[in-house]
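A.B. asks: Have a look at this one before I ask anything.
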Amino acid sequence: MGEISRVGEGLRAYRLIAAMWVRSAMTYRASFALTAFGNLMVTGLDFVAILLMFSQVDSLGGWSLPEVAFLYGLSATAFGIADLLLGSMDVLGTRIRDGSFDTLLVRPAPVLAQVGADHFALRRLGRITQGALVLAWGLLAVDADWTALKVLLVPVMLISGAAIFCALFVAGAAFQFVAQDAAEVQNAFTYGGTTLLQYPPTVFGKDLVRGVTFMLPLAFVNWVPAAYVLGRPYPLGLPEWAAFASPLVAVAVCGLAGLAWRAGLRSYRSTGS
Amino acid sequence: MGSARLYAAVAVGGFRRYATYRAATAAGVFTNTVFGLILVYTYLALWDERPHLGGYDQTQAVTYVWLGQCLYATLAIQGGGVEKDLMARIRTGEIAIDLYRPADLQLWWLAGDLGRALFQTLGRGVIPFAFGALFFRMALPTDVTTWAAFLVAILLAMVVSFGIRYLAALSMFWLMDGTGVNQAVMVLGIFCSGMALPLNVFPGALGDVVRALPWAAQLQMPADVLMGEADPLGAYAFQAAWAVVLLAAGRLVQSAATRRVVLQGG
């Protein structure tokens, strides 16, 4: 019971803090619109790079442009949702260094909710919009035998994928308790992860695919379930049910990230300044 | 002579300012290596499909990737060099103090940025590049002269990169909010410098345009000099021309901007 009310309390705190940041951003509406558009442009560039590649070739690692767009759309949208919810967590390192993290500790609200909602930026909707547009095109253009199960799998993939990326953000933040000014390591896994998933698994070396399937289960964001939808061979010859394992994987990594966060928080010692 | 010593000291300051953050540097090395790995595999798949795409063979494409990761922080390709500090100083008005100094504003910031760039090359660039050379087949020259020519191209690239970011920073005098400018620096930097894809792969007229823009002087030119794909003198001429144009434009904008500061009364 206590655990559940704490989660409720955390969500409430998150909502209040996020709403405050949204209100402050909305004070300058033109600036908000511009930065949201800019965000869309920045993230759209990697898809433009893929389009440029396909202006020179017909397939990449044996996958066609609509199939790659499907992978890209899934990865980018899932990551966009996680980035909207928890993308500001990399500010944690700065807060630890300048001592302002201490003020979060004394407030009567869960710390994770406070850090997660810190600098909540609605302009990140730009990234989600861009990913969703590519996904929509990919869904229409891709040559798949759609069944009810496959249609249902798409939103499941997005939610599980977002949860897996959220777990990465939380784990990265937990790591910052130890590393302090090494926030960029997190980028290798978050931004690096989404970039990796935008390309077919056949492009990458087997060891890399193994690593992001079994150690850091990013493959469950899109590679494995998308292989089912597109009727392609699974990476690493995984069994067929693996395509439906994404929600379980998401729950497991979120649990692990939560534990890491607790351990990090317990090890925290103020800068004393 | 005295002023040369001054700017050298500023450059050393820039170097040391960034050298202070060791964990951040290590984190950057790690991130650049991971991104290098992802890019290398996608490029290998691309060149598998179309050998000699853009005039590169596979080993050259691999070399290009790791060079990009090596120069990413050095040339502040997505922004984040001294222009961030300069922007902050313009916004807060601390720039007025810089204008009092018996030093040239542009040279002062250029020296600081060169110091930063030098540190980022040594601190953040060399390791990912060496990692790439260790685990992948790369097209590296064996003669000293090509390496020397390459170093000159990097130095010119640093100046061009500064020229672009200095202009971006000066826009703060009029805009007072750098978000949009920083985004523009990022988009243009990543796309037009060849970070996303080598510029010689860009098709048709788009390719002609990006290869003529100043960003081409940053990554594409040094890479082509290193791999013997470009005549060094031609590359230098292109880079130096853009460096002069950008620095001169910077001066012009700077004098217009500083007149504005006086008008505002600081």
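Chain labels A, B, ... are given in the sequence in which chains occur in the structure tokens; within each chain residues are numbered consecutively from 1, and ligands are likewise numbered from 1 in the order shown.
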Give me the residues of chain A that have any atom at most 7 Å from an atom of chain B; for each, the nearest atom pair and the distance in Å, rounded to one decimal. Use only C-alpha atoms, sort by chain and number, and format it as a Markdown table.
C.D. replies:
```
| residue | atom | partner | partner_atom | distance |
| --- | --- | --- | --- | --- |
| A:Thr35 | CA | B:Gly180 | CA | 6.4 |
| A:Gly38 | CA | B:Gln183 | CA | 6.3 |
| A:Val42 | CA | B:Val187 | CA | 5.6 |
| A:Ala49 | CA | B:Ala196 | CA | 6.1 |
| A:Leu52 | CA | B:Phe202 | CA | 6.7 |
| A:Val57 | CA | B:Glu49 | CA | 6.6 |
| A:Leu60 | CA | B:Ala45 | CA | 6.1 |
| A:Gly61 | CA | B:Ala45 | CA | 5.7 |
| A:Asp181 | CA | B:Ala24 | CA | 5.4 |
| A:Ala182 | CA | B:Ala24 | CA | 4.5 |
| A:Glu184 | CA | B:Ala27 | CA | 5.3 |
| A:Val185 | CA | B:Ala27 | CA | 4.8 |
| A:Asn187 | CA | B:Thr31 | CA | 6.7 |
| A:Ala188 | CA | B:Thr31 | CA | 4.6 |
| A:Gly192 | CA | B:Phe35 | CA | 6.1 |
| A:Leu196 | CA | B:Ile38 | CA | 6.0 |
| A:Val203 | CA | B:Ala45 | CA | 5.8 |
| A:Phe204 | CA | B:Tyr41 | CA | 5.5 |
```
A.B. asks: Would you list the contacts of B:Tyr236 as a list in words, taking every protein, DNA or RNA residue within 9 Å and counting only C-alpha atoms, but skipping same-chain residues closer than 2 positions in sequence?
C.D. replies: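 These residues fall inside the cut-off: Val152, Ala153, Leu156, Ala217, Met221, Asp231, Pro232, Leu233, Gly234, Phe238, Gln239, Ala240 and Ala241 of chain B.
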A.B. asks: Write the residues you've just listed into a file as a CSV table (one decimal), in the first residue's frame, and include N, CA, C and O atoms for each of them.
C.D. replies:
```
chain,number,residue,atom,x,y,z
B,152,VAL,N,47.9,21.1,-40.9
B,152,VAL,CA,47.6,22.4,-41.4
B,152,VAL,C,46.1,22.6,-41.7
B,152,VAL,O,45.5,23.6,-41.3
B,153,ALA,N,45.6,21.6,-42.4
B,153,ALA,CA,44.2,21.6,-42.8
B,153,ALA,C,43.3,21.7,-41.5
B,153,ALA,O,42.2,22.4,-41.5
B,156,LEU,N,43.4,25.2,-40.1
B,156,LEU,CA,42.5,26.1,-40.9
B,156,LEU,C,41.0,25.8,-40.6
B,156,LEU,O,40.2,26.7,-40.5
B,217,ALA,N,34.8,23.2,-45.2
B,217,ALA,CA,36.2,23.4,-44.8
B,217,ALA,C,36.5,22.7,-43.5
B,217,ALA,O,37.7,22.5,-43.2
B,221,MET,N,37.3,18.7,-45.9
B,221,MET,CA,38.7,19.1,-46.5
B,221,MET,C,39.8,18.4,-45.7
B,221,MET,O,40.6,17.7,-46.4
B,231,ASP,N,44.0,17.9,-53.3
B,231,ASP,CA,45.3,18.6,-53.3
B,231,ASP,C,45.4,19.5,-52.2
B,231,ASP,O,44.5,20.4,-52.0
B,232,PRO,N,46.4,19.4,-51.3
B,232,PRO,CA,46.4,20.2,-50.1
B,232,PRO,C,46.3,21.7,-50.4
B,232,PRO,O,45.6,22.4,-49.7
B,233,LEU,N,47.1,22.2,-51.4
B,233,LEU,CA,47.1,23.6,-51.7
B,233,LEU,C,45.7,24.1,-52.1
B,233,LEU,O,45.2,25.2,-51.6
B,234,GLY,N,45.0,23.3,-52.9
B,234,GLY,CA,43.6,23.7,-53.2
B,234,GLY,C,42.7,23.8,-52.0
B,234,GLY,O,41.9,24.7,-51.8
B,238,PHE,N,40.7,27.0,-50.3
B,238,PHE,CA,39.3,27.1,-50.0
B,238,PHE,C,39.1,27.4,-48.5
B,238,PHE,O,38.3,28.3,-48.2
B,239,GLN,N,39.8,26.8,-47.7
B,239,GLN,CA,39.6,27.0,-46.2
B,239,GLN,C,40.0,28.4,-45.8
B,239,GLN,O,39.3,29.1,-45.1
B,240,ALA,N,41.2,28.9,-46.4
B,240,ALA,CA,41.7,30.2,-46.0
B,240,ALA,C,40.7,31.3,-46.5
B,240,ALA,O,40.5,32.3,-45.8
B,241,ALA,N,40.2,31.1,-47.7
B,241,ALA,CA,39.3,32.1,-48.3
B,241,ALA,C,38.1,32.2,-47.3
B,241,ALA,O,37.7,33.3,-47.0
```
A.B. asks: What lies within 8 Å of A:Leu139 using only C-alpha atoms, ignoring chain neighbours under 3 positions off, as a ChimeraX atom specification?
C.D. replies: /A:66,70,135-136,142
A.B. asks: Grab the atom CA of A:Ala171 to atom CA of A:Gly258 distance for me, in Å with one decimal place.
C.D. replies: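 Between these atoms lies a distance of 7.6 Å.
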A.B. asks: Within 7 Å of B:Pro141, counting only C-alpha atoms, which residues qualify if same-chain residues fewer than 4 places away don't, as a PyMOL selection string?
C.D. replies: chain B and resi 146+226-227
A.B. asks: Put those residues in a file: C-alpha atoms, as an mmCIF file, in the first residue's frame.
C.D. replies:
```
data_model
loop_
_atom_site.group_PDB
_atom_site.id
_atom_site.type_symbol
_atom_site.label_atom_id
_atom_site.label_comp_id
_atom_site.auth_asym_id
_atom_site.auth_seq_id
_atom_site.Cartn_x
_atom_site.Cartn_y
_atom_site.Cartn_z
ATOM 1 C CA THR B 146 50.702 14.079 -45.764
ATOM 2 C CA LEU B 226 44.555 13.019 -45.077
ATOM 3 C CA MET B 227 43.380 10.370 -47.516
#
```
A.B. asks: Tell me which protein, DNA and RNA residues are within 10 Å of B:Gln60, counting only C-alpha atoms, leaving out same-chain ones fewer than 4 positions away, and put them as number ranges by chain.
C.D. replies: B: 52, 55-56, 64-65, 137-140, 223-224, 226-227, 229
A.B. asks: Okay, now the selection with C-alpha atoms, as an mmCIF file, in the first residue's frame?
C.D. replies:
```cif
data_model
loop_
_atom_site.group_PDB
_atom_site.id
_atom_site.type_symbol
_atom_site.label_atom_id
_atom_site.label_comp_id
_atom_site.auth_asym_id
_atom_site.auth_seq_id
_atom_site.Cartn_x
_atom_site.Cartn_y
_atom_site.Cartn_z
ATOM 1 C CA HIS B 52 33.284 3.479 -54.430
ATOM 2 C CA GLY B 55 34.854 8.161 -54.769
ATOM 3 C CA TYR B 56 35.744 6.451 -51.478
ATOM 4 C CA TYR B 64 36.154 9.270 -42.586
ATOM 5 C CA VAL B 65 33.898 8.062 -39.746
ATOM 6 C CA ARG B 137 41.017 -1.213 -41.633
ATOM 7 C CA MET B 138 41.673 2.442 -42.331
ATOM 8 C CA ALA B 139 43.249 4.311 -45.220
ATOM 9 C CA LEU B 140 46.043 6.170 -43.453
ATOM 10 C CA ALA B 223 39.599 14.203 -44.424
ATOM 11 C CA ASP B 224 40.335 14.484 -48.135
ATOM 12 C CA LEU B 226 44.555 13.019 -45.077
ATOM 13 C CA MET B 227 43.380 10.370 -47.516
ATOM 14 C CA GLU B 229 41.739 12.705 -52.208
#
```
A.B. asks: Compare A:Ile50, A:Arg6, A:Asn222, A:Trp63 by their minimum atom-to-atom distance to A:Gly161, counting only C-alpha atoms, and give me the closest one.
C.D. replies: A:Asn222
A.B. asks: Within 8 Å of A:Arg15, counting only C-alpha atoms, which residues show up once you throw out same-chain ones fewer than 4 positions away? Write them as a PDB file with N, CA and C atoms, in the first residue's frame, please.
C.D. replies:
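The file below, around32.pdb, is the result:
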```pdb
ATOM      1  N   LEU A  11       3.799  10.805  -9.067  1.00  0.00           N
ATOM      2  CA  LEU A  11       3.156  11.234 -10.313  1.00  0.00           C
ATOM      3  C   LEU A  11       2.534  12.616 -10.148  1.00  0.00           C
ATOM      4  N   ALA A  19       3.817  20.991 -15.113  1.00  0.00           N
ATOM      5  CA  ALA A  19       2.859  22.037 -15.486  1.00  0.00           C
ATOM      6  C   ALA A  19       3.462  23.418 -15.267  1.00  0.00           C
ATOM      7  N   ALA A 117      10.959  15.854 -13.691  1.00  0.00           N
ATOM      8  CA  ALA A 117      10.155  16.966 -14.205  1.00  0.00           C
ATOM      9  C   ALA A 117      10.948  18.256 -14.307  1.00  0.00           C
TER      10      ALA A 117
END
```
A.B. asks: List the neighbours of B:Gly189 out to 7 Å using only C-alpha atoms; skip same-chain residues closer than 6 positions along the sequence, and give me the result as a list in words.
C.D. replies: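 Selected residues are Ile77, Gln78 and Trp215 of chain B.
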A.B. asks: Of the candidates B:Leu246, B:Leu134, B:Val160, B:Val12, which one gets nearest to B:Phe119 if we count only C-alpha atoms?
C.D. replies: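 Using only C-alpha atoms, B:Phe119 sits closest to B:Val12.
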A.B. asks: Could you tell me how far atom CA of B:Gly132 sits from atom CA of B:Ile164, in Å to one decimal place?
C.D. replies: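 If I compute the distance from atom CA of B:Ile164 to atom CA of B:Gly132, I get 29.0 Å.
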A.B. asks: Using only C-alpha atoms, which of A:Val251, A:Ala219, A:Ala260, A:Ala162 sits nearest A:Phe177?
C.D. replies: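 Using only C-alpha atoms, the shortest distance to A:Phe177 belongs to A:Ala260.
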A.B. asks: Can you check which residues of stretch 30-215 of chain A DSSP gives as helix (DSSP H, G or I) on the backbone and send them as a PyMOL selection string?
C.D. replies: chain A and resi 30-54+65-98+101-106+111-117+122-141+148-179+183-197+201-203+206-215
A.B. asks: Please measure the separation of atom CA of B:Pro198 and atom CA of B:Gln220, giving the value in Å to one decimal.
C.D. replies: 6.9 Å
